[in-house]
$ cat protein-v2.cif   # mmCIF, C-alpha atoms
data_input
loop_
_atom_site.label_atom_id
_atom_site.label_comp_id
_atom_site.auth_asym_id
_atom_site.auth_seq_id
_atom_site.Cartn_x
_atom_site.Cartn_y
_atom_site.Cartn_z
CA LYS T 1 10.02 -60.88 -155.92
CA GLN T 2 10.18 -58.94 -152.66
CA GLU T 3 12.22 -55.75 -152.82
CA VAL T 4 12.96 -53.42 -149.94
CA THR T 5 13.91 -49.79 -150.52
CA GLN T 6 15.14 -47.21 -148.05
CA ILE T 7 15.10 -43.51 -148.82
CA PRO T 8 17.13 -41.41 -148.34
CA ALA T 9 20.44 -43.26 -148.57
CA ALA T 10 22.05 -40.67 -146.32
CA LEU T 11 20.79 -38.02 -143.94
CA SER T 12 22.53 -35.32 -141.90
CA VAL T 13 20.68 -33.42 -139.17
CA PRO T 14 21.60 -31.15 -136.25
CA GLU T 15 21.36 -32.55 -132.74
CA GLY T 16 17.93 -32.36 -131.17
CA GLU T 17 15.88 -32.77 -134.33
CA ASN T 18 13.11 -35.31 -134.63
CA LEU T 19 13.53 -37.37 -137.78
CA VAL T 20 11.88 -40.06 -139.85
CA LEU T 21 13.52 -42.84 -141.82
CA ASN T 22 11.51 -44.52 -144.55
CA CYS T 23 11.29 -48.13 -145.70
CA SER T 24 9.10 -49.50 -148.47
CA PHE T 25 8.53 -53.06 -149.65
CA THR T 26 6.84 -54.43 -152.76
CA ASP T 27 5.05 -57.54 -151.44
CA SER T 28 2.68 -57.32 -148.47
CA ALA T 29 3.04 -61.06 -147.74
CA ILE T 30 5.29 -60.65 -144.72
CA TYR T 31 5.47 -62.18 -141.24
CA ASN T 32 7.22 -59.21 -139.66
CA LEU T 33 9.44 -56.18 -140.24
CA GLN T 34 12.60 -55.52 -138.29
CA TRP T 35 14.66 -52.33 -137.90
CA PHE T 36 18.38 -52.67 -137.21
CA ARG T 37 21.23 -50.32 -136.38
CA GLN T 38 24.76 -50.90 -137.71
CA ASP T 39 27.82 -48.97 -136.59
CA PRO T 40 30.82 -48.87 -138.98
CA GLY T 41 32.58 -52.23 -139.17
CA LYS T 42 30.19 -53.81 -136.66
CA GLY T 43 27.35 -56.30 -136.69
CA LEU T 44 23.66 -55.45 -136.64
CA THR T 45 21.76 -54.54 -133.49
CA SER T 46 18.04 -55.22 -133.52
CA LEU T 47 16.05 -52.10 -132.59
CA LEU T 48 12.40 -53.01 -133.12
CA LEU T 49 10.38 -55.92 -134.48
CA ILE T 50 6.84 -55.34 -135.74
CA GLN T 51 4.65 -58.34 -136.39
CA SER T 52 2.48 -58.19 -139.52
CA SER T 53 -0.65 -57.83 -137.36
CA GLN T 54 0.76 -54.81 -135.49
CA ARG T 55 0.74 -51.15 -136.45
CA GLU T 56 3.64 -49.85 -134.37
CA GLN T 57 6.27 -50.57 -131.76
CA THR T 58 8.07 -48.21 -129.40
CA SER T 59 11.36 -48.42 -127.55
CA GLY T 60 12.61 -45.34 -125.76
CA ARG T 61 13.07 -42.52 -128.29
CA LEU T 62 12.33 -44.87 -131.19
CA ASN T 63 8.93 -45.54 -132.73
CA ALA T 64 8.39 -47.76 -135.75
CA SER T 65 5.16 -47.98 -137.70
CA LEU T 66 3.97 -50.52 -140.23
CA ASP T 67 1.35 -50.11 -142.96
CA LYS T 68 1.34 -53.51 -144.62
CA SER T 69 -1.31 -52.67 -147.20
CA SER T 70 0.72 -49.79 -148.61
CA GLY T 71 4.06 -51.55 -148.15
CA ARG T 72 5.58 -48.90 -145.89
CA SER T 73 7.31 -48.57 -142.56
CA THR T 74 8.81 -45.57 -140.84
CA LEU T 75 11.31 -45.30 -138.00
CA TYR T 76 10.82 -42.15 -135.96
CA ILE T 77 13.74 -40.97 -133.81
CA ALA T 78 12.88 -38.29 -131.28
CA ALA T 79 15.36 -35.69 -130.04
CA SER T 80 18.29 -37.06 -132.04
CA GLN T 81 21.75 -37.26 -130.46
CA PRO T 82 25.25 -37.62 -131.95
CA GLY T 83 25.29 -41.16 -130.57
CA ASP T 84 22.43 -42.01 -132.94
CA SER T 85 24.82 -41.65 -135.88
CA ALA T 86 24.86 -45.02 -137.65
CA THR T 87 23.36 -46.90 -140.59
CA TYR T 88 19.76 -48.00 -140.10
CA LEU T 89 18.53 -51.05 -141.96
CA CYS T 90 15.02 -52.35 -142.35
CA ALA T 91 14.23 -55.94 -143.27
CA VAL T 92 11.02 -57.84 -143.96
CA PHE T 93 10.51 -61.53 -143.29
CA SER T 94 8.82 -62.77 -146.45
CA SER T 95 6.06 -65.33 -145.91
CA ASN T 96 6.55 -66.52 -149.50
CA THR T 97 10.25 -67.30 -149.27
CA GLY T 98 10.76 -67.68 -145.52
CA LYS T 99 13.73 -65.32 -145.71
CA LEU T 100 14.65 -61.93 -144.29
CA ILE T 101 15.00 -59.39 -147.12
CA PHE T 102 17.06 -56.28 -146.38
CA GLY T 103 17.01 -52.75 -147.66
CA GLN T 104 20.29 -51.00 -148.43
CA GLY T 105 20.12 -48.79 -145.36
CA THR T 106 20.03 -45.10 -144.48
CA THR T 107 23.25 -43.64 -143.07
CA LEU T 108 22.43 -41.04 -140.43
CA GLN T 109 24.77 -38.37 -139.16
CA VAL T 110 23.68 -36.26 -136.19
CA LYS T 111 25.86 -33.19 -135.80
CA PRO T 112 26.55 -31.70 -132.34
CA ASP Q 1 26.53 -63.30 -121.33
CA GLY Q 2 24.34 -64.71 -124.09
CA GLY Q 3 25.22 -63.87 -127.65
CA ILE Q 4 26.80 -64.73 -130.96
CA THR Q 5 30.55 -64.79 -131.48
CA GLN Q 6 32.36 -64.74 -134.78
CA SER Q 7 36.04 -65.27 -135.25
CA PRO Q 8 38.34 -63.95 -136.39
CA LYS Q 9 37.35 -60.29 -136.77
CA TYR Q 10 39.70 -59.83 -139.74
CA LEU Q 11 40.91 -62.55 -142.10
CA PHE Q 12 43.34 -62.33 -144.97
CA ARG Q 13 43.85 -65.07 -147.56
CA LYS Q 14 45.50 -65.59 -150.88
CA GLU Q 15 43.40 -66.31 -153.92
CA GLY Q 16 42.83 -70.03 -154.42
CA GLN Q 17 42.77 -70.93 -150.72
CA ASN Q 18 39.72 -72.15 -148.86
CA VAL Q 19 38.95 -70.39 -145.57
CA THR Q 20 36.52 -71.20 -142.76
CA LEU Q 21 34.70 -68.57 -140.71
CA SER Q 22 33.51 -69.48 -137.25
CA CYS Q 23 30.09 -68.70 -135.73
CA GLU Q 24 29.04 -69.80 -132.25
CA GLN Q 25 25.88 -68.92 -130.29
CA ASN Q 26 24.88 -69.63 -126.69
CA LEU Q 27 21.30 -68.39 -127.05
CA ASN Q 28 19.92 -71.91 -127.47
CA HIS Q 29 18.53 -70.86 -130.86
CA ASP Q 30 17.51 -73.50 -133.37
CA ALA Q 31 18.03 -71.44 -136.52
CA MET Q 32 21.29 -69.95 -137.76
CA TYR Q 33 22.11 -67.88 -140.84
CA TRP Q 34 25.04 -66.57 -142.87
CA TYR Q 35 24.85 -63.26 -144.72
CA ARG Q 36 27.26 -61.37 -146.90
CA GLN Q 37 27.44 -57.56 -146.93
CA ASP Q 38 29.16 -55.55 -149.67
CA PRO Q 39 29.68 -51.76 -149.55
CA GLY Q 40 26.50 -49.85 -150.31
CA GLN Q 41 24.42 -53.02 -150.49
CA GLY Q 42 21.99 -54.71 -148.19
CA LEU Q 43 22.69 -58.09 -146.66
CA ARG Q 44 22.34 -61.17 -148.87
CA LEU Q 45 21.60 -64.64 -147.52
CA ILE Q 46 24.23 -67.31 -148.21
CA TYR Q 47 23.03 -70.36 -146.23
CA TYR Q 48 20.67 -71.04 -143.35
CA SER Q 49 19.92 -73.90 -141.00
CA GLN Q 50 16.66 -74.44 -139.11
CA ILE Q 51 17.87 -77.47 -137.18
CA VAL Q 52 20.98 -79.51 -136.47
CA ASN Q 53 22.22 -81.61 -139.40
CA ASP Q 54 20.07 -79.71 -141.89
CA PHE Q 55 20.74 -76.58 -143.94
CA GLN Q 56 19.46 -74.88 -147.08
CA LYS Q 57 20.99 -72.66 -149.75
CA GLY Q 58 20.20 -68.98 -149.66
CA ASP Q 59 20.30 -66.56 -152.56
CA ILE Q 60 24.06 -66.60 -153.18
CA ALA Q 61 25.29 -70.06 -152.08
CA GLU Q 62 27.65 -70.71 -154.99
CA GLY Q 63 31.25 -71.01 -153.83
CA TYR Q 64 30.31 -71.48 -150.16
CA SER Q 65 29.69 -74.51 -147.95
CA VAL Q 66 28.41 -74.98 -144.38
CA SER Q 67 27.89 -77.65 -141.75
CA ARG Q 68 25.61 -77.84 -138.72
CA GLU Q 69 26.84 -80.68 -136.53
CA LYS Q 70 26.05 -78.90 -133.25
CA LYS Q 71 23.20 -76.61 -132.30
CA GLU Q 72 25.52 -73.83 -131.19
CA SER Q 73 27.90 -73.86 -134.18
CA PHE Q 74 27.46 -73.01 -137.88
CA PRO Q 75 30.84 -72.60 -139.65
CA LEU Q 76 31.03 -71.18 -143.18
CA THR Q 77 33.73 -72.22 -145.65
CA VAL Q 78 34.53 -69.83 -148.47
CA THR Q 79 35.98 -71.99 -151.24
CA SER Q 80 38.28 -71.07 -154.10
CA ALA Q 81 35.23 -71.34 -156.38
CA GLN Q 82 33.77 -68.12 -154.94
CA LYS Q 83 34.65 -65.47 -157.53
CA ASN Q 84 34.49 -62.37 -155.32
CA PRO Q 85 35.05 -63.52 -151.73
CA THR Q 86 36.22 -60.19 -150.28
CA ALA Q 87 33.31 -58.97 -148.14
CA PHE Q 88 31.95 -58.55 -144.63
CA TYR Q 89 30.34 -61.79 -143.39
CA LEU Q 90 27.63 -61.77 -140.74
CA CYS Q 91 26.21 -64.70 -138.82
CA ALA Q 92 22.78 -64.56 -137.19
CA SER Q 93 20.50 -66.80 -135.15
CA SER Q 94 16.87 -66.94 -134.12
CA SER Q 95 14.62 -69.17 -132.09
CA SER Q 96 12.33 -71.51 -134.01
CA GLY Q 97 9.35 -70.04 -135.77
CA ARG Q 98 9.08 -67.36 -138.41
CA ASN Q 99 7.88 -64.50 -136.23
CA THR Q 100 11.04 -64.22 -134.21
CA GLU Q 101 13.87 -61.73 -134.19
CA GLN Q 102 17.22 -62.47 -135.74
CA TYR Q 103 20.25 -61.61 -133.64
CA PHE Q 104 23.56 -60.87 -135.30
CA GLY Q 105 27.20 -61.47 -134.46
CA PRO Q 106 29.95 -58.83 -134.80
CA GLY Q 107 31.01 -60.00 -138.27
CA THR Q 108 34.21 -61.14 -139.99
CA ARG Q 109 35.86 -59.02 -142.64
CA LEU Q 110 37.50 -61.29 -145.23
CA THR Q 111 40.05 -59.93 -147.67
CA VAL Q 112 41.32 -62.14 -150.47
CA THR Q 113 44.24 -60.94 -152.61
#

$ encode --input "protein-v2.cif" --output "structure tokens"
Amino acid sequence: KQEVTQIPAALSVPEGENLVLNCSFTDSAIYNLQWFRQDPGKGLTSLLLIQSSQREQTSGRLNASLDKSSGRSTLYIAASQPGDSATYLCAVFSSNTGKLIFGQGTTLQVKP
Amino acid sequence: DGGITQSPKYLFRKEGQNVTLSCEQNLNHDAMYWYRQDPGQGLRLIYYSQIVNDFQKGDIAEGYSVSREKKESFPLTVTSAQKNPTAFYLCASSSSGRNTEQYFGPGTRLTVT
């Protein structure tokens, strides 16, 4: 059974720091991995999608990597800003079940 | 503007009543999904539909029902059989194929007392 874990559950950093959020998954049989952002009481916003054949994707200050063989992905946020404060969720699309499996998220606070 | 709309944003019901949550998309996506989110937990799949007039149970379908009569609409009914219906409900859609992004609506917070 595919399980997705995100560590840490919460993170607080001062503005301007570069930071890394971690995501691990137990089954390498995936089609893709997606990183989302969720603000309190809101829906999910897709940040980056990495296909299983890719190693990384970049969008602005965000860079996501994927190591399928080790079951790991990282989301790198450069020069963090208070507006980056949110919960970040990773999800893998399992090729065995055809479903998107979510981690529990990392709640990020960037202090001015 | 293209996107997914969910209504209402907040919904309150008494225990024992059925309630229907609306989800509409104008992205011309074939697939639509319903997820449930509880505090401190990841999203869990309730039902999904890959095409009009067809849908499949997700991981926690008991106490829920859906219909897919139109491509753009995928309403979710929370029945009185659902033991813990209070939660945040999220609808999503994606184009056909398994390598595509899922896009989410703003969610409906349901409170049952």

$ residues_near_point --input "protein-v2.cif" --point "(0.2, -54.0, -145.4)" --cutoff "12 Å" --atoms "all atoms listed in the file" --output "list in words"
Ser24, Phe25, Thr26, Asp27, Ser28, Ala29, Ile30, Tyr31, Asn32, Leu33, Ile50, Gln51, Ser52, Ser53, Gln54, Arg55, Ser65, Leu66, Asp67, Lys68, Ser69, Ser70, Gly71, Arg72, Ser73 and Val92 of chain T

$ closest_residue --input "protein-v2.cif" --among "Q:Phe74, Q:Phe12, Q:Phe55, Q:Tyr48" --to "chain T" --atoms "all atoms listed in the file"
Q:Tyr48

$ residues_around --input "protein-v2.cif" --residues "Val110 in chain T" --least-positions-apart "2" --cutoff "10 Å" --atoms "all atoms listed in the file" --output "list of chain:residue names"
T:Leu11, T:Ser12, T:Val13, T:Pro14, T:Glu15, T:Gly16, T:Glu17, T:Ser80, T:Gln81, T:Pro82, T:Gly83, T:Asp84, T:Ser85, T:Ala86, T:Leu108, T:Pro112

$ residues_near_point --input "protein-v2.cif" --point "(23.8, -54.8, -139.0)" --cutoff "10 Å" --atoms "only C-alpha atoms" --output "VMD selection string"
(chain T and resid 35 to 46 86 to 90 105) or (chain Q and resid 37 42 to 43 90 92 103 to 107)

$ residues_around --input "protein-v2.cif" --residues "Lys99 in chain T" --least-positions-apart "2" --cutoff "10 Å" --atoms "all atoms listed in the file" --output "ChimeraX atom specification"
/T:30-31,91-97,101-102 /Q:45,48,58-59,98

$ closest_atom_pairs --input "protein-v2.cif" --of "chain Q" --to "chain T" --cutoff "12 Å" --atoms "all atoms listed in the file" --output "CSV"
residue,atom,partner,partner_atom,distance
Q:Gly3,CA,T:Thr45,CA,11.5
Q:Ile4,CA,T:Gly43,CA,10.2
Q:Thr5,CA,T:Gly43,CA,10.5
Q:Gln6,CA,T:Gly43,CA,10.0
Q:Lys9,CA,T:Lys42,CA,9.7
Q:Tyr10,CA,T:Gly41,CA,10.4
Q:Ala31,CA,T:Lys99,CA,11.8
Q:Met32,CA,T:Lys99,CA,11.9
Q:Tyr33,CA,T:Lys99,CA,10.0
Q:Trp34,CA,T:Leu100,CA,11.5
Q:Tyr35,CA,T:Leu100,CA,10.3
Q:Arg36,CA,T:Gly43,CA,11.4
Q:Gln37,CA,T:Gln104,CA,9.8
Q:Asp38,CA,T:Gln104,CA,10.0
Q:Pro39,CA,T:Gln104,CA,9.5
Q:Gly40,CA,T:Gln104,CA,6.6
Q:Gln41,CA,T:Gln104,CA,5.0
Q:Gly42,CA,T:Gln104,CA,4.1
Q:Leu43,CA,T:Phe102,CA,5.9
Q:Arg44,CA,T:Phe102,CA,7.6
Q:Leu45,CA,T:Lys99,CA,8.1
Q:Ile46,CA,T:Lys99,CA,11.0
Q:Tyr47,CA,T:Lys99,CA,10.6
Q:Tyr48,CA,T:Lys99,CA,9.3
Q:Ser49,CA,T:Lys99,CA,11.6
Q:Gln50,CA,T:Gly98,CA,11.0
Q:Gln56,CA,T:Lys99,CA,11.2
Q:Lys57,CA,T:Lys99,CA,11.1
Q:Gly58,CA,T:Lys99,CA,8.4
Q:Asp59,CA,T:Lys99,CA,9.6
Q:Ala87,CA,T:Gly41,CA,11.2
Q:Phe88,CA,T:Gly41,CA,8.4
Q:Tyr89,CA,T:Gly43,CA,9.2
Q:Leu90,CA,T:Gly43,CA,6.8
Q:Cys91,CA,T:Gly43,CA,8.7
Q:Ala92,CA,T:Leu44,CA,9.2
Q:Ser93,CA,T:Leu44,CA,11.9
Q:Ser94,CA,T:Leu100,CA,11.6
Q:Gly97,CA,T:Gly98,CA,10.1
Q:Arg98,CA,T:Tyr31,CA,6.9
Q:Asn99,CA,T:Tyr31,CA,6.0
Q:Thr100,CA,T:Asn32,CA,8.3
Q:Glu101,CA,T:Leu49,CA,6.8
Q:Gln102,CA,T:Ser46,CA,7.6
Q:Tyr103,CA,T:Ser46,CA,6.8
Q:Phe104,CA,T:Leu44,CA,5.6
Q:Gly105,CA,T:Gly43,CA,5.6
Q:Pro106,CA,T:Gly43,CA,4.1
Q:Gly107,CA,T:Gly43,CA,5.4
Q:Thr108,CA,T:Lys42,CA,9.0
Q:Arg109,CA,T:Gly41,CA,8.3
Q:Leu110,CA,T:Gly41,CA,12.0

$ residues_around --input "protein-v2.cif" --residues "Val52 in chain Q" --least-positions-apart "6" --cutoff "7 Å" --atoms "all atoms listed in the file" --output "MDAnalysis selection string"
chainID Q and resid 68:71

$ atom_distance --input "protein-v2.cif" --atom1 "CA of Gln2 in chain T" --atom2 "CA of Ile60 in chain Q"
15.9 Å

$ atom_distance --input "protein-v2.cif" --atom1 "CA of Gln17 in chain Q" --atom2 "CA of Glu72 in chain Q"
26.2 Å

$ atom_distance --input "protein-v2.cif" --atom1 "CA of Lys1 in chain T" --atom2 "CA of Ala64 in chain T"
24.1 Å

$ residues_around --input "protein-v2.cif" --residues "Pro75 in chain Q" --least-positions-apart "5" --cutoff "9 Å" --atoms "all atoms listed in the file" --output "PDB file with C-alpha atoms, in the frame of the given file"
ATOM      1  CA  THR Q  20      36.520 -71.200-142.760  1.00  0.00           C
ATOM      2  CA  LEU Q  21      34.700 -68.570-140.710  1.00  0.00           C
ATOM      3  CA  SER Q  22      33.510 -69.480-137.250  1.00  0.00           C
ATOM      4  CA  CYS Q  23      30.090 -68.700-135.730  1.00  0.00           C
ATOM      5  CA  GLU Q  24      29.040 -69.800-132.250  1.00  0.00           C
ATOM      6  CA  TRP Q  34      25.040 -66.570-142.870  1.00  0.00           C
ATOM      7  CA  SER Q  65      29.690 -74.510-147.950  1.00  0.00           C
ATOM      8  CA  VAL Q  66      28.410 -74.980-144.380  1.00  0.00           C
ATOM      9  CA  SER Q  67      27.890 -77.650-141.750  1.00  0.00           C
ATOM     10  CA  ARG Q  68      25.610 -77.840-138.720  1.00  0.00           C
TER      11      ARG Q  68
END

$ closest_residue --input "protein-v2.cif" --among "Q:Thr77, Q:Thr111, Q:Ser95, Q:Asn84" --to "Val19 in chain Q" --atoms "all atoms listed in the file"
Q:Thr77

$ closest_residue --input "protein-v2.cif" --among "T:Gln109, T:Gln6, T:Cys23, T:Leu75" --to "Thr58 in chain T" --atoms "all atoms listed in the file"
T:Leu75

$ closest_residue --input "protein-v2.cif" --among "Q:Ala61, Q:Leu27, Q:Ile51, Q:Val78" --to "Arg13 in chain Q" --atoms "only C-alpha atoms"
Q:Val78

$ build_atoms --input "protein-v2.cif" --residues "range 14-34 of chain T" --atoms "N, CA, C and O atoms" --output "PDB file, keeping the file's coordinate frame"
ATOM      1  N   PRO T  14      21.008 -31.678-137.481  1.00  0.00           N
ATOM      2  CA  PRO T  14      21.600 -31.150-136.250  1.00  0.00           C
ATOM      3  C   PRO T  14      21.013 -31.863-135.031  1.00  0.00           C
ATOM      4  O   PRO T  14      19.873 -32.355-135.055  1.00  0.00           O
ATOM      5  N   GLU T  15      21.788 -31.909-133.982  1.00  0.00           N
ATOM      6  CA  GLU T  15      21.360 -32.550-132.740  1.00  0.00           C
ATOM      7  C   GLU T  15      20.045 -31.960-132.245  1.00  0.00           C
ATOM      8  O   GLU T  15      19.806 -30.757-132.341  1.00  0.00           O
ATOM      9  N   GLY T  16      19.187 -32.806-131.740  1.00  0.00           N
ATOM     10  CA  GLY T  16      17.930 -32.360-131.170  1.00  0.00           C
ATOM     11  C   GLY T  16      16.740 -32.489-132.100  1.00  0.00           C
ATOM     12  O   GLY T  16      15.589 -32.425-131.651  1.00  0.00           O
ATOM     13  N   GLU T  17      16.996 -32.660-133.377  1.00  0.00           N
ATOM     14  CA  GLU T  17      15.880 -32.770-134.330  1.00  0.00           C
ATOM     15  C   GLU T  17      15.176 -34.114-134.198  1.00  0.00           C
ATOM     16  O   GLU T  17      15.790 -35.127-133.901  1.00  0.00           O
ATOM     17  N   ASN T  18      13.873 -34.078-134.459  1.00  0.00           N
ATOM     18  CA  ASN T  18      13.110 -35.310-134.630  1.00  0.00           C
ATOM     19  C   ASN T  18      13.216 -35.706-136.098  1.00  0.00           C
ATOM     20  O   ASN T  18      13.180 -34.837-136.982  1.00  0.00           O
ATOM     21  N   LEU T  19      13.356 -36.979-136.384  1.00  0.00           N
ATOM     22  CA  LEU T  19      13.530 -37.370-137.780  1.00  0.00           C
ATOM     23  C   LEU T  19      12.816 -38.681-138.083  1.00  0.00           C
ATOM     24  O   LEU T  19      12.502 -39.459-137.176  1.00  0.00           O
ATOM     25  N   VAL T  20      12.592 -38.872-139.378  1.00  0.00           N
ATOM     26  CA  VAL T  20      11.880 -40.060-139.850  1.00  0.00           C
ATOM     27  C   VAL T  20      12.680 -40.740-140.944  1.00  0.00           C
ATOM     28  O   VAL T  20      13.105 -40.096-141.908  1.00  0.00           O
ATOM     29  N   LEU T  21      12.889 -42.032-140.793  1.00  0.00           N
ATOM     30  CA  LEU T  21      13.520 -42.840-141.820  1.00  0.00           C
ATOM     31  C   LEU T  21      12.447 -43.700-142.481  1.00  0.00           C
ATOM     32  O   LEU T  21      11.565 -44.225-141.800  1.00  0.00           O
ATOM     33  N   ASN T  22      12.546 -43.836-143.797  1.00  0.00           N
ATOM     34  CA  ASN T  22      11.510 -44.520-144.550  1.00  0.00           C
ATOM     35  C   ASN T  22      11.969 -45.862-145.101  1.00  0.00           C
ATOM     36  O   ASN T  22      13.129 -46.022-145.501  1.00  0.00           O
ATOM     37  N   CYS T  23      11.040 -46.809-145.154  1.00  0.00           N
ATOM     38  CA  CYS T  23      11.290 -48.130-145.700  1.00  0.00           C
ATOM     39  C   CYS T  23      10.043 -48.545-146.480  1.00  0.00           C
ATOM     40  O   CYS T  23       8.926 -48.423-145.959  1.00  0.00           O
ATOM     41  N   SER T  24      10.239 -49.014-147.698  1.00  0.00           N
ATOM     42  CA  SER T  24       9.100 -49.500-148.470  1.00  0.00           C
ATOM     43  C   SER T  24       9.397 -50.899-149.007  1.00  0.00           C
ATOM     44  O   SER T  24      10.555 -51.236-149.259  1.00  0.00           O
ATOM     45  N   PHE T  25       8.358 -51.703-149.160  1.00  0.00           N
ATOM     46  CA  PHE T  25       8.530 -53.060-149.650  1.00  0.00           C
ATOM     47  C   PHE T  25       7.426 -53.365-150.659  1.00  0.00           C
ATOM     48  O   PHE T  25       6.326 -52.806-150.601  1.00  0.00           O
ATOM     49  N   THR T  26       7.721 -54.241-151.606  1.00  0.00           N
ATOM     50  CA  THR T  26       6.840 -54.430-152.760  1.00  0.00           C
ATOM     51  C   THR T  26       5.768 -55.494-152.552  1.00  0.00           C
ATOM     52  O   THR T  26       4.749 -55.473-153.237  1.00  0.00           O
ATOM     53  N   ASP T  27       5.992 -56.435-151.635  1.00  0.00           N
ATOM     54  CA  ASP T  27       5.050 -57.540-151.440  1.00  0.00           C
ATOM     55  C   ASP T  27       4.549 -57.512-150.001  1.00  0.00           C
ATOM     56  O   ASP T  27       5.355 -57.572-149.073  1.00  0.00           O
ATOM     57  N   SER T  28       3.253 -57.430-149.825  1.00  0.00           N
ATOM     58  CA  SER T  28       2.680 -57.320-148.470  1.00  0.00           C
ATOM     59  C   SER T  28       2.626 -58.661-147.731  1.00  0.00           C
ATOM     60  O   SER T  28       2.228 -58.713-146.571  1.00  0.00           O
ATOM     61  N   ALA T  29       3.042 -59.734-148.388  1.00  0.00           N
ATOM     62  CA  ALA T  29       3.040 -61.060-147.740  1.00  0.00           C
ATOM     63  C   ALA T  29       4.277 -61.188-146.851  1.00  0.00           C
ATOM     64  O   ALA T  29       5.286 -61.771-147.237  1.00  0.00           O
ATOM     65  N   ILE T  30       4.170 -60.624-145.652  1.00  0.00           N
ATOM     66  CA  ILE T  30       5.290 -60.650-144.720  1.00  0.00           C
ATOM     67  C   ILE T  30       4.831 -61.153-143.367  1.00  0.00           C
ATOM     68  O   ILE T  30       3.660 -60.999-142.986  1.00  0.00           O
ATOM     69  N   TYR T  31       5.751 -61.784-142.623  1.00  0.00           N
ATOM     70  CA  TYR T  31       5.470 -62.180-141.240  1.00  0.00           C
ATOM     71  C   TYR T  31       5.756 -61.032-140.283  1.00  0.00           C
ATOM     72  O   TYR T  31       5.057 -60.829-139.309  1.00  0.00           O
ATOM     73  N   ASN T  32       6.848 -60.317-140.538  1.00  0.00           N
ATOM     74  CA  ASN T  32       7.220 -59.210-139.660  1.00  0.00           C
ATOM     75  C   ASN T  32       8.190 -58.274-140.376  1.00  0.00           C
ATOM     76  O   ASN T  32       8.664 -58.563-141.487  1.00  0.00           O
ATOM     77  N   LEU T  33       8.458 -57.150-139.749  1.00  0.00           N
ATOM     78  CA  LEU T  33       9.440 -56.180-140.240  1.00  0.00           C
ATOM     79  C   LEU T  33      10.344 -55.835-139.075  1.00  0.00           C
ATOM     80  O   LEU T  33       9.867 -55.600-137.948  1.00  0.00           O
ATOM     81  N   GLN T  34      11.636 -55.782-139.343  1.00  0.00           N
ATOM     82  CA  GLN T  34      12.600 -55.520-138.290  1.00  0.00           C
ATOM     83  C   GLN T  34      13.458 -54.307-138.680  1.00  0.00           C
ATOM     84  O   GLN T  34      13.896 -54.197-139.838  1.00  0.00           O
TER      85      GLN T  34
END
